[in-house]
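J.: Provided below: entry-v8.txt, containing compact mmCIF, C-alpha atoms.
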```
# COMPACT_ATOMS: atom_id res chain seq x y z
CA MET A 277 -30.12 -0.42 22.05
CA ARG A 278 -31.40 -1.29 18.60
CA THR A 279 -31.33 1.06 15.63
CA THR A 280 -31.67 0.87 11.87
CA LEU A 281 -29.02 2.15 9.49
CA ASP A 282 -29.48 2.89 5.81
CA LEU A 283 -26.04 2.34 4.27
CA PRO A 284 -25.05 2.64 0.62
CA ASP A 285 -24.71 -0.80 -0.96
CA GLU A 286 -20.96 -0.50 -1.57
CA LEU A 287 -20.29 0.61 2.00
CA PHE A 288 -22.36 -2.27 3.34
CA ARG A 289 -20.38 -4.73 1.19
CA GLN A 290 -17.12 -3.31 2.56
CA VAL A 291 -18.32 -3.55 6.16
CA THR A 292 -19.58 -7.11 5.81
CA ALA A 293 -16.32 -8.14 4.10
CA LYS A 294 -14.35 -6.56 6.96
CA THR A 295 -16.41 -8.41 9.56
CA ALA A 296 -15.84 -11.70 7.73
CA LEU A 297 -12.08 -11.09 7.54
CA ASP A 298 -11.88 -10.10 11.20
CA GLY A 299 -14.22 -12.85 12.37
CA ALA A 300 -16.22 -10.17 14.16
CA LYS A 301 -19.91 -9.43 14.50
CA LEU A 302 -21.34 -6.58 12.47
CA LYS A 303 -22.70 -4.83 15.57
CA ASP A 304 -19.30 -4.98 17.31
CA LEU A 305 -17.45 -3.60 14.27
CA LEU A 306 -19.91 -0.74 13.82
CA ALA A 307 -19.81 0.10 17.53
CA ARG A 308 -15.99 0.23 17.39
CA TYR A 309 -16.02 2.49 14.31
CA ILE A 310 -18.54 4.83 15.93
CA GLN A 311 -16.44 5.03 19.11
CA VAL A 312 -13.31 5.86 17.10
CA GLY A 313 -15.23 8.46 15.08
CA LEU A 314 -16.53 10.15 18.22
CA ARG A 315 -13.00 10.45 19.62
CA GLN A 316 -11.72 12.23 16.50
CA SER A 317 -11.77 15.99 16.11
CA PRO A 318 -15.28 17.34 15.70
CA GLN A 319 -16.77 18.38 12.38
CA PRO A 320 -17.28 22.10 11.73
CA ALA A 321 -20.07 23.33 13.97
CA LEU A 322 -23.28 24.68 12.53
CA LEU A 323 -23.95 28.33 13.14
CA PRO A 324 -27.21 29.29 14.90
CA HIS A 325 -29.03 29.84 11.59
CA GLY A 326 -28.22 26.26 10.48
CA ARG A 327 -25.36 27.04 8.14
CA SER A 328 -21.89 25.62 8.40
CA SER A 329 -19.06 27.82 9.60
CA LEU A 330 -17.25 26.92 6.38
CA PRO A 331 -17.06 29.64 3.70
CA VAL A 332 -19.45 29.61 0.75
CA ILE A 333 -17.56 29.03 -2.49
CA LYS A 334 -18.70 31.07 -5.46
CA ALA A 335 -18.35 29.88 -9.03
CA LYS A 336 -16.89 32.72 -11.10
CA GLY A 337 -18.01 35.15 -8.43
CA LYS A 338 -21.71 34.83 -9.34
CA TYR A 339 -23.37 31.69 -8.04
CA ALA A 340 -22.94 29.59 -4.92
CA ILE A 341 -21.97 25.98 -5.58
CA PRO A 342 -24.83 23.66 -4.54
CA ASN A 343 -24.38 21.28 -1.63
CA LEU A 344 -21.90 18.60 -2.57
CA THR A 345 -24.08 15.53 -2.18
CA PRO A 346 -22.63 12.10 -3.00
CA GLY A 347 -24.70 12.01 -6.20
CA PHE A 348 -23.53 15.45 -7.29
CA GLN A 349 -19.92 14.56 -6.48
CA ALA A 350 -20.21 11.34 -8.50
CA LYS A 351 -21.58 13.32 -11.44
CA LEU A 352 -18.66 15.79 -11.26
CA GLU A 353 -16.14 12.96 -11.06
CA GLU A 354 -17.75 11.20 -14.04
CA GLU A 355 -17.58 14.40 -16.09
CA GLU A 356 -13.89 14.81 -15.19
CA ASP A 357 -13.17 11.19 -16.13
CA LEU A 358 -14.91 11.61 -19.49
CA ALA A 359 -12.98 14.81 -20.18
CA ARG A 360 -9.67 13.04 -19.41
CA LEU A 361 -10.64 10.15 -21.66
CA ARG A 362 -11.52 12.52 -24.52
CA ARG A 363 -8.17 14.32 -24.14
CA ALA A 364 -6.30 11.00 -24.09
CA LEU A 365 -8.08 9.79 -27.23
CA ALA A 366 -7.39 13.08 -29.01
CA GLU A 367 -3.62 12.74 -28.49
```
Could you rewrite the structure in this file as structure tokens?

T.:
Amino acid sequence: MRTTLDLPDELFRQVTAKTALDGAKLKDLLARYIQVGLRQSPQPALLPHGRSSLPVIKAKGKYAIPNLTPGFQAKLEEEEDLARLRRALAE
């Protein structure tokens, strides 16, 4: 069966490098990774209303934290890195 995947550039570079090192075909490597992923323990199930069974985390008891998308996570990590750098330069 054919399908199309939209992978982040860095992930695609890692996968193609792995296939080159292993001397494997991209489709065989991806099929193997998918099989391994399906055998692992399942992700938290969605409740009937479409929400995760995971608890909602509140910031300071007032507001729910927005979905942690890769872009939002990258922004948070960048802010943390900048704060560490500022503290290191202040010492």

J.: Around all the atoms of region 351-359 of chain A listed in the file, draw an axis-aligned box and extend it by 3 Å on each of the six sides; I want its centre and edge lengths in Å to one decimal, as JSON.

T.:
```
{"center_x": -17.3, "center_y": 13.5, "center_z": -15.6, "size_x": 14.6, "size_y": 10.6, "size_z": 15.1}
```

J.: List the neighbours of region 287-291 of chain A out to 9 Å using all atoms listed in the file; skip same-chain residues closer than 5 positions along the sequence, and give me the result as a PyMOL selection string.

T.: chain A and resi 296+302+305-306

J.: CA of Ala293 (chain A) and CA of Ala307 (chain A), how far apart in Å?

T.: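 Separating CA of Ala307 (chain A) from CA of Ala293 (chain A) is a distance of 16.1 Å.
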
J.: For a test of reading the model, state the distance in Å between CA of Ala366 (chain A) and CA of Phe348 (chain A), rounded to one decimal.

T.: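 We find that CA of Ala366 (chain A) and CA of Phe348 (chain A) lie 27.2 Å from each other.
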
J.: Grab the CA of Leu281 (chain A) to CA of Glu353 (chain A) distance for me, in Å with one decimal place.

T.: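 These two atoms are separated by 26.6 Å.
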
J.: Would you mind putting back N, CA and C atoms on region 289-317 of chain A, then writing it out as a compact mmCIF listing (two decimals), in the frame of the given file?

T.:
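selection-v1.txt, written as the output of this step:
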```
# COMPACT_ATOMS: atom_id res chain seq x y z
N ARG A 289 -21.22 -3.62 1.64
CA ARG A 289 -20.38 -4.73 1.19
C ARG A 289 -19.00 -4.67 1.84
N GLN A 290 -18.44 -3.47 1.93
CA GLN A 290 -17.12 -3.31 2.56
C GLN A 290 -17.17 -3.69 4.03
N VAL A 291 -18.21 -3.26 4.72
CA VAL A 291 -18.32 -3.55 6.16
C VAL A 291 -18.50 -5.04 6.39
N THR A 292 -19.37 -5.67 5.60
CA THR A 292 -19.58 -7.11 5.81
C THR A 292 -18.33 -7.91 5.44
N ALA A 293 -17.58 -7.46 4.43
CA ALA A 293 -16.32 -8.14 4.10
C ALA A 293 -15.33 -7.99 5.24
N LYS A 294 -15.27 -6.81 5.84
CA LYS A 294 -14.35 -6.56 6.96
C LYS A 294 -14.71 -7.44 8.15
N THR A 295 -16.01 -7.57 8.43
CA THR A 295 -16.41 -8.41 9.56
C THR A 295 -16.05 -9.87 9.30
N ALA A 296 -16.20 -10.31 8.06
CA ALA A 296 -15.84 -11.70 7.73
C ALA A 296 -14.34 -11.92 7.89
N LEU A 297 -13.54 -10.95 7.42
CA LEU A 297 -12.08 -11.09 7.54
C LEU A 297 -11.62 -11.06 8.98
N ASP A 298 -12.27 -10.23 9.80
CA ASP A 298 -11.88 -10.10 11.20
C ASP A 298 -12.52 -11.17 12.09
N GLY A 299 -13.50 -11.88 11.55
CA GLY A 299 -14.22 -12.85 12.37
C GLY A 299 -15.03 -12.17 13.45
N ALA A 300 -15.50 -10.96 13.17
CA ALA A 300 -16.22 -10.17 14.16
C ALA A 300 -17.71 -10.14 13.81
N LYS A 301 -18.49 -9.65 14.75
CA LYS A 301 -19.91 -9.43 14.50
C LYS A 301 -20.09 -8.03 13.95
N LEU A 302 -21.07 -7.88 13.09
CA LEU A 302 -21.34 -6.58 12.47
C LEU A 302 -21.59 -5.52 13.53
N LYS A 303 -22.39 -5.84 14.55
CA LYS A 303 -22.70 -4.83 15.57
C LYS A 303 -21.46 -4.40 16.34
N ASP A 304 -20.52 -5.34 16.58
CA ASP A 304 -19.30 -4.98 17.31
C ASP A 304 -18.39 -4.09 16.46
N LEU A 305 -18.28 -4.41 15.16
CA LEU A 305 -17.45 -3.60 14.27
C LEU A 305 -17.99 -2.19 14.15
N LEU A 306 -19.31 -2.07 13.94
CA LEU A 306 -19.91 -0.74 13.82
C LEU A 306 -19.77 0.06 15.11
N ALA A 307 -19.96 -0.58 16.25
CA ALA A 307 -19.81 0.10 17.53
C ALA A 307 -18.38 0.62 17.70
N ARG A 308 -17.40 -0.19 17.29
CA ARG A 308 -15.99 0.23 17.39
C ARG A 308 -15.71 1.42 16.48
N TYR A 309 -16.23 1.37 15.24
CA TYR A 309 -16.02 2.49 14.31
C TYR A 309 -16.68 3.77 14.81
N ILE A 310 -17.85 3.65 15.40
CA ILE A 310 -18.54 4.83 15.93
C ILE A 310 -17.76 5.42 17.11
N GLN A 311 -17.24 4.55 17.99
CA GLN A 311 -16.44 5.03 19.11
C GLN A 311 -15.20 5.78 18.63
N VAL A 312 -14.52 5.21 17.65
CA VAL A 312 -13.31 5.86 17.10
C VAL A 312 -13.70 7.20 16.47
N GLY A 313 -14.79 7.22 15.72
CA GLY A 313 -15.23 8.46 15.08
C GLY A 313 -15.58 9.54 16.08
N LEU A 314 -16.17 9.16 17.19
CA LEU A 314 -16.53 10.15 18.22
C LEU A 314 -15.32 10.72 18.93
N ARG A 315 -14.23 9.96 18.96
CA ARG A 315 -13.00 10.45 19.62
C ARG A 315 -12.21 11.40 18.73
N GLN A 316 -12.46 11.37 17.43
CA GLN A 316 -11.72 12.23 16.50
C GLN A 316 -12.18 13.66 16.65
N SER A 317 -11.42 14.57 16.01
CA SER A 317 -11.77 15.99 16.11
C SER A 317 -13.15 16.22 15.52
```
